[in-house]
>>> print(open('target_32.cif').read())   # mmCIF, C-alpha atoms
data_my_file
#
loop_
_atom_site.label_atom_id
_atom_site.label_comp_id
_atom_site.auth_asym_id
_atom_site.auth_seq_id
_atom_site.Cartn_x
_atom_site.Cartn_y
_atom_site.Cartn_z
CA GLY A 283 130.82 -111.72 180.20
CA GLN A 284 132.33 -114.00 182.80
CA GLN A 285 131.05 -117.55 182.96
CA VAL A 286 131.59 -119.73 186.00
CA MET A 287 130.76 -123.35 185.30
CA GLN A 288 130.59 -126.23 187.71
CA ILE A 289 130.76 -129.93 187.02
CA PRO A 290 129.09 -132.22 187.52
CA GLN A 291 125.61 -130.69 187.52
CA TYR A 292 124.30 -133.57 189.63
CA GLN A 293 126.03 -136.19 191.76
CA HIS A 294 124.43 -139.14 193.50
CA VAL A 295 126.67 -140.98 195.94
CA GLN A 296 126.30 -143.73 198.48
CA GLU A 297 126.67 -142.53 202.04
CA GLY A 298 130.31 -142.83 202.99
CA GLU A 299 131.64 -142.26 199.48
CA ASP A 300 133.66 -139.20 198.55
CA PHE A 301 132.35 -136.28 196.47
CA THR A 302 134.08 -133.61 194.42
CA THR A 303 132.74 -130.59 192.55
CA TYR A 304 134.83 -128.55 190.17
CA CYS A 305 134.47 -124.85 189.43
CA ASN A 306 135.92 -123.37 186.23
CA SER A 307 135.94 -119.77 185.09
CA SER A 308 136.37 -118.30 181.62
CA THR A 309 138.38 -115.46 183.21
CA THR A 310 140.82 -115.17 186.09
CA LEU A 311 139.02 -115.39 189.40
CA SER A 312 139.42 -112.75 192.08
CA ASN A 313 138.72 -114.56 195.33
CA ILE A 314 136.59 -117.70 195.26
CA GLN A 315 133.88 -118.36 197.79
CA TRP A 316 131.96 -121.57 198.33
CA TYR A 317 128.35 -121.77 199.47
CA LYS A 318 126.01 -124.60 200.39
CA GLN A 319 122.29 -124.41 199.73
CA ARG A 320 120.07 -127.05 201.31
CA PRO A 321 116.90 -128.03 199.43
CA GLY A 322 114.40 -125.20 199.91
CA GLY A 323 116.99 -123.12 201.74
CA HIS A 324 119.26 -120.20 201.05
CA PRO A 325 122.99 -120.08 200.28
CA VAL A 326 125.18 -120.39 203.36
CA PHE A 327 128.79 -119.23 203.20
CA LEU A 328 131.37 -121.97 203.72
CA ILE A 329 134.78 -120.48 202.96
CA GLN A 330 136.80 -118.02 200.91
CA LEU A 331 140.04 -118.76 199.07
CA VAL A 332 142.31 -115.89 198.16
CA LYS A 333 145.74 -117.10 197.10
CA SER A 334 146.81 -119.05 194.05
CA GLY A 335 147.23 -122.73 194.98
CA GLU A 336 145.58 -122.25 198.37
CA VAL A 337 144.17 -125.31 200.16
CA LYS A 338 141.86 -125.05 203.15
CA LYS A 339 140.17 -127.76 205.16
CA GLN A 340 137.03 -127.79 207.26
CA LYS A 341 136.61 -131.19 208.91
CA ARG A 342 135.67 -133.49 205.98
CA LEU A 343 135.67 -130.67 203.41
CA THR A 344 138.78 -129.70 201.43
CA PHE A 345 138.80 -126.59 199.25
CA GLN A 346 141.42 -125.88 196.61
CA PHE A 347 142.21 -122.84 194.47
CA GLY A 348 143.99 -123.45 191.18
CA GLU A 349 147.48 -122.18 190.52
CA ALA A 350 146.25 -119.98 187.67
CA LYS A 351 143.21 -118.82 189.70
CA LYS A 352 140.84 -120.01 186.99
CA ASN A 353 139.47 -123.04 188.82
CA SER A 354 138.64 -124.35 192.24
CA SER A 355 137.38 -127.56 193.78
CA LEU A 356 135.52 -128.79 196.82
CA HIS A 357 136.07 -132.33 198.01
CA ILE A 358 134.01 -134.02 200.70
CA THR A 359 135.39 -137.16 202.31
CA ALA A 360 133.04 -139.88 203.53
CA THR A 361 129.77 -138.11 202.75
CA GLN A 362 126.95 -138.04 205.28
CA THR A 363 123.24 -137.41 204.78
CA THR A 364 123.72 -133.93 206.22
CA ASP A 365 125.88 -133.07 203.19
CA VAL A 366 122.84 -133.10 200.89
CA GLY A 367 122.36 -129.85 198.99
CA THR A 368 123.67 -127.76 196.13
CA TYR A 369 127.20 -126.46 196.31
CA PHE A 370 128.01 -123.20 194.58
CA CYS A 371 131.29 -121.47 193.96
CA ALA A 372 131.25 -117.70 193.53
CA ASP A 373 133.77 -115.17 192.28
CA THR A 374 133.99 -111.99 194.34
CA ASN A 375 134.86 -109.87 191.30
CA PHE A 376 137.67 -108.04 193.08
CA GLY A 377 135.36 -106.29 195.51
CA ASN A 378 132.76 -108.66 196.98
CA GLU A 379 129.90 -106.38 196.01
CA LYS A 380 128.78 -108.49 193.10
CA LEU A 381 129.21 -112.19 193.51
CA THR A 382 129.16 -114.21 190.28
CA PHE A 383 127.87 -117.63 191.18
CA GLY A 384 128.68 -120.86 189.41
CA THR A 385 126.06 -123.15 188.01
CA GLY A 386 126.10 -125.37 191.10
CA THR A 387 126.45 -129.08 191.78
CA ARG A 388 123.52 -130.82 193.40
CA LEU A 389 124.55 -133.61 195.75
CA THR A 390 122.17 -136.34 196.78
CA ILE A 391 123.10 -139.13 199.19
CA ILE A 392 121.84 -142.67 198.95
CA PRO A 393 121.62 -144.00 202.53
CA GLY B 5 117.66 -109.44 214.45
CA ALA B 6 119.28 -112.85 214.37
CA GLY B 7 119.54 -112.99 210.61
CA VAL B 8 118.37 -111.46 207.36
CA SER B 9 114.60 -111.60 207.03
CA GLN B 10 112.51 -111.24 203.90
CA THR B 11 108.81 -110.73 203.43
CA PRO B 12 106.65 -112.11 202.06
CA SER B 13 108.05 -115.62 201.82
CA ASN B 14 105.80 -116.30 198.86
CA LYS B 15 104.09 -113.93 196.46
CA VAL B 16 101.74 -114.93 193.68
CA THR B 17 100.68 -112.20 191.30
CA GLU B 18 99.19 -111.77 187.88
CA LYS B 19 101.04 -110.63 184.82
CA GLY B 20 101.13 -106.84 184.63
CA LYS B 21 100.78 -106.23 188.36
CA TYR B 22 103.16 -104.33 190.64
CA VAL B 23 104.96 -106.07 193.52
CA GLU B 24 107.17 -105.03 196.41
CA LEU B 25 109.57 -107.36 198.16
CA ARG B 26 111.06 -106.39 201.51
CA CYS B 27 114.41 -107.18 203.08
CA ASP B 28 115.46 -106.59 206.70
CA PRO B 29 119.23 -106.95 206.96
CA ILE B 30 121.19 -107.98 210.02
CA SER B 31 121.32 -105.04 212.41
CA GLY B 32 124.37 -102.89 211.84
CA HIS B 33 125.18 -104.26 208.40
CA THR B 34 125.97 -101.42 206.04
CA ALA B 35 126.00 -103.37 202.79
CA LEU B 36 122.89 -104.92 201.28
CA TYR B 37 122.55 -107.01 198.13
CA TRP B 38 119.70 -108.35 196.02
CA TYR B 39 120.04 -111.49 193.91
CA ARG B 40 117.60 -113.47 191.79
CA GLN B 41 117.68 -117.24 191.61
CA SER B 42 115.81 -119.11 188.92
CA LEU B 43 115.07 -122.80 189.31
CA GLY B 44 118.16 -124.94 189.00
CA GLN B 45 120.53 -122.01 188.67
CA GLY B 46 122.87 -120.03 190.86
CA PRO B 47 121.89 -116.65 192.27
CA GLU B 48 122.36 -113.71 189.88
CA PHE B 49 123.35 -110.28 191.17
CA LEU B 50 120.81 -107.50 190.83
CA ILE B 51 121.86 -104.52 192.94
CA TYR B 52 124.14 -103.54 195.83
CA PHE B 53 123.60 -100.80 198.42
CA GLN B 54 126.24 -99.21 200.58
CA GLY B 55 124.25 -97.30 203.17
CA THR B 56 121.32 -95.56 201.51
CA GLY B 57 122.76 -95.35 198.04
CA ALA B 58 122.73 -97.90 195.26
CA ALA B 59 126.44 -98.36 194.60
CA ASP B 60 125.95 -100.82 191.74
CA ASP B 61 122.65 -101.54 189.97
CA SER B 62 124.20 -103.11 186.90
CA GLY B 63 122.37 -106.40 187.44
CA LEU B 64 118.84 -105.00 187.25
CA PRO B 65 117.42 -106.56 184.07
CA ASN B 66 115.44 -103.52 182.89
CA ASP B 67 113.69 -100.37 184.08
CA ARG B 68 110.74 -102.32 185.49
CA PHE B 69 112.99 -103.20 188.42
CA PHE B 70 113.85 -100.65 191.09
CA ALA B 71 115.14 -100.88 194.64
CA VAL B 72 115.41 -98.44 197.53
CA ARG B 73 116.99 -98.33 200.97
CA PRO B 74 115.92 -94.92 202.28
CA GLU B 75 117.27 -95.14 205.81
CA GLY B 76 120.21 -97.42 205.23
CA SER B 77 118.56 -100.44 206.79
CA VAL B 78 115.42 -102.02 205.28
CA SER B 79 115.34 -102.33 201.51
CA THR B 80 112.46 -102.80 199.10
CA LEU B 81 112.74 -104.30 195.64
CA LYS B 82 109.97 -103.05 193.38
CA ILE B 83 108.89 -104.69 190.15
CA GLN B 84 106.46 -102.96 187.83
CA ARG B 85 104.33 -104.60 185.14
CA THR B 86 105.43 -108.08 186.16
CA GLU B 87 106.05 -110.68 183.49
CA ARG B 88 106.00 -114.48 183.72
CA GLY B 89 109.77 -114.45 183.22
CA ASP B 90 110.15 -112.56 186.51
CA SER B 91 109.14 -115.70 188.40
CA ALA B 92 112.07 -116.68 190.62
CA VAL B 93 113.32 -116.62 194.19
CA TYR B 94 114.54 -113.16 195.13
CA LEU B 95 117.33 -113.35 197.69
CA CYS B 96 118.60 -110.55 199.87
CA ALA B 97 121.98 -110.61 201.60
CA SER B 98 123.79 -108.24 203.94
CA SER B 99 127.33 -107.83 205.16
CA LEU B 100 128.91 -105.77 207.92
CA ILE B 101 131.10 -103.96 205.44
CA ARG B 102 131.57 -104.35 201.72
CA THR B 103 134.40 -106.87 201.91
CA ASP B 104 132.85 -109.02 204.62
CA THR B 105 130.93 -112.28 204.29
CA GLN B 106 127.46 -111.97 202.78
CA TYR B 107 124.65 -113.50 204.83
CA PHE B 108 121.61 -114.50 202.84
CA GLY B 109 117.97 -114.32 203.83
CA PRO B 110 115.43 -117.07 203.16
CA GLY B 111 114.23 -115.42 199.96
CA THR B 112 110.87 -114.46 198.50
CA ARG B 113 109.45 -116.87 195.94
CA LEU B 114 107.68 -114.78 193.29
CA THR B 115 105.28 -116.48 190.92
CA VAL B 116 103.78 -114.48 188.08
CA LEU B 117 100.75 -116.13 186.54
#
>>> encode(input="target_32.cif", output="structure tokens")
Amino acid sequence: GQQVMQIPQYQHVQEGEDFTTYCNSSTTLSNIQWYKQRPGGHPVFLIQLVKSGEVKKQKRLTFQFGEAKKNSSLHITATQTTDVGTYFCADTNFGNEKLTFGTGTRLTIIP
Amino acid sequence: GAGVSQTPSNKVTEKGKYVELRCDPISGHTALYWYRQSLGQGPEFLIYFQGTGAADDSGLPNDRFFAVRPEGSVSTLKIQRTERGDSAVYLCASSLIRTDTQYFGPGTRLTVL
């Protein structure tokens, strides 16, 4: 079956440094969604990418979809303590009924 | 309601017991989803409802797991003869329509002793 892997598994950064998580799929992705889950919380939708090569920005967050639609990335510029949490990518499997989540990248910030 | 709610927030049970987990979706949302999240992993799909019917239950691990949504709103996930391996956070999500954003509830943390 489909495997959606994320690297790194963990990332510790100093506040103010940049952060990037990479999402890679064994099969072609449909649409890719990104979620943030705070410690002890639930996944919160951030964005959806649909087109090959698409780039979207939300303030300090930049999301990219690979040209071959087999990978995606999330980059955070100048991290803040509020960015702490686990970031998941998820494939919508061509219908959005059954999200396949990646393995997640847990971000911790050193003040 | 303001968001998806789930009860109980925590459930501790003994191996072999039966449990029910409840999900109240956002009012008006027709689609409802159940996921299971084990420690340190991403959520895994269990079942999806469109209205009252289970449109896709391919993620249910075995026949001990069953879910219903009799009136197209509240859903109950039922687990029979619980096993220690069932311990996880069970997340519910809802969306206005199938292709819309899924909004997750706070989850029910199930611990099977």
>>> closest_residue(input="target_32.cif", among="A:Thr390, A:Gln330, A:Ser307, A:Gln340", to="chain B", atoms="all atoms listed in the file")
A:Gln330
>>> closest_atom_pairs(input="target_32.cif", of="chain A", to="chain B", cutoff="8 Å", atoms="all atoms listed in the file", output="CSV")
residue,atom,partner,partner_atom,distance
A:Gly323,CA,B:Pro110,CA,6.4
A:His324,CA,B:Pro110,CA,5.4
A:Pro325,CA,B:Phe108,CA,6.3
A:Val326,CA,B:Phe108,CA,6.9
A:Phe327,CA,B:Tyr107,CA,7.3
A:Phe370,CA,B:Gly46,CA,7.1
A:Gly377,CA,B:Thr103,CA,6.5
A:Asn378,CA,B:Thr103,CA,5.5
A:Glu379,CA,B:Arg102,CA,6.3
A:Lys380,CA,B:Phe49,CA,6.0
A:Leu381,CA,B:Phe49,CA,6.6
A:Thr382,CA,B:Glu48,CA,6.8
A:Phe383,CA,B:Gly46,CA,5.6
A:Gly384,CA,B:Gly46,CA,6.0
A:Thr385,CA,B:Gly46,CA,5.3
A:Gly386,CA,B:Gly46,CA,6.2
>>> residues_near_point(input="target_32.cif", point="(137.7, -121.8, 199.7)", cutoff="6 Å", atoms="all atoms listed in the file", output="list in words")
Gln315, Trp316, Ile329, Gln330, Leu331 and Phe345 of chain A
>>> resolve_selection(input="target_32.cif", expression="the PyMOL selection byres ((chain A and resi 357) around 10)", output="list in words")
Asp300, Phe301, Thr302, Thr303, Tyr304, Lys339, Arg342, Leu343, Thr344, Phe345, Gln346, Ser355, Leu356, Ile358, Thr359, Ala360 and Thr361 of chain A
>>> axis_aligned_box(input="target_32.cif", around="stretch 287-304 of chain A", padding_each_side="5 Å", output="AutoDock Vina command-line options")
--center_x 129.6 --center_y -133.5 --center_z 194.1 --size_x 20.5 --size_y 30.4 --size_z 27.7
>>> closest_residue(input="target_32.cif", among="B:Ser98, B:Ser79, B:Phe70, B:Leu64", to="B:Gly7", atoms="only C-alpha atoms")
B:Ser98
>>> closest_residue(input="target_32.cif", among="A:Leu389, A:Cys305, A:Val332, A:Ile314", to="A:Gln362", atoms="all atoms listed in the file")
A:Leu389
>>> closest_residue(input="target_32.cif", among="A:Asn306, A:Gln296, A:Leu328, A:Gly322", to="A:Lys341", atoms="all atoms listed in the file")
A:Leu328
>>> residues_around(input="target_32.cif", residues="B:Gly55", least_positions_apart="3", cutoff="9 Å", atoms="only C-alpha atoms", output="list of chain:residue names")
B:His33, B:Thr34, B:Ala35, B:Leu36, B:Ala58, B:Ala59, B:Arg73, B:Pro74, B:Glu75, B:Gly76, B:Ser77
>>> write_last_selection(input="target_32.cif", atoms="C-alpha atoms", output="PDB file, keeping the file's coordinate frame")
ATOM      1  CA  HIS B  33     125.180-104.260 208.400  1.00  0.00           C
ATOM      2  CA  THR B  34     125.970-101.420 206.040  1.00  0.00           C
ATOM      3  CA  ALA B  35     126.000-103.370 202.790  1.00  0.00           C
ATOM      4  CA  LEU B  36     122.890-104.920 201.280  1.00  0.00           C
ATOM      5  CA  ALA B  58     122.730 -97.900 195.260  1.00  0.00           C
ATOM      6  CA  ALA B  59     126.440 -98.360 194.600  1.00  0.00           C
ATOM      7  CA  ARG B  73     116.990 -98.330 200.970  1.00  0.00           C
ATOM      8  CA  PRO B  74     115.920 -94.920 202.280  1.00  0.00           C
ATOM      9  CA  GLU B  75     117.270 -95.140 205.810  1.00  0.00           C
ATOM     10  CA  GLY B  76     120.210 -97.420 205.230  1.00  0.00           C
ATOM     11  CA  SER B  77     118.560-100.440 206.790  1.00  0.00           C
TER      12      SER B  77
END
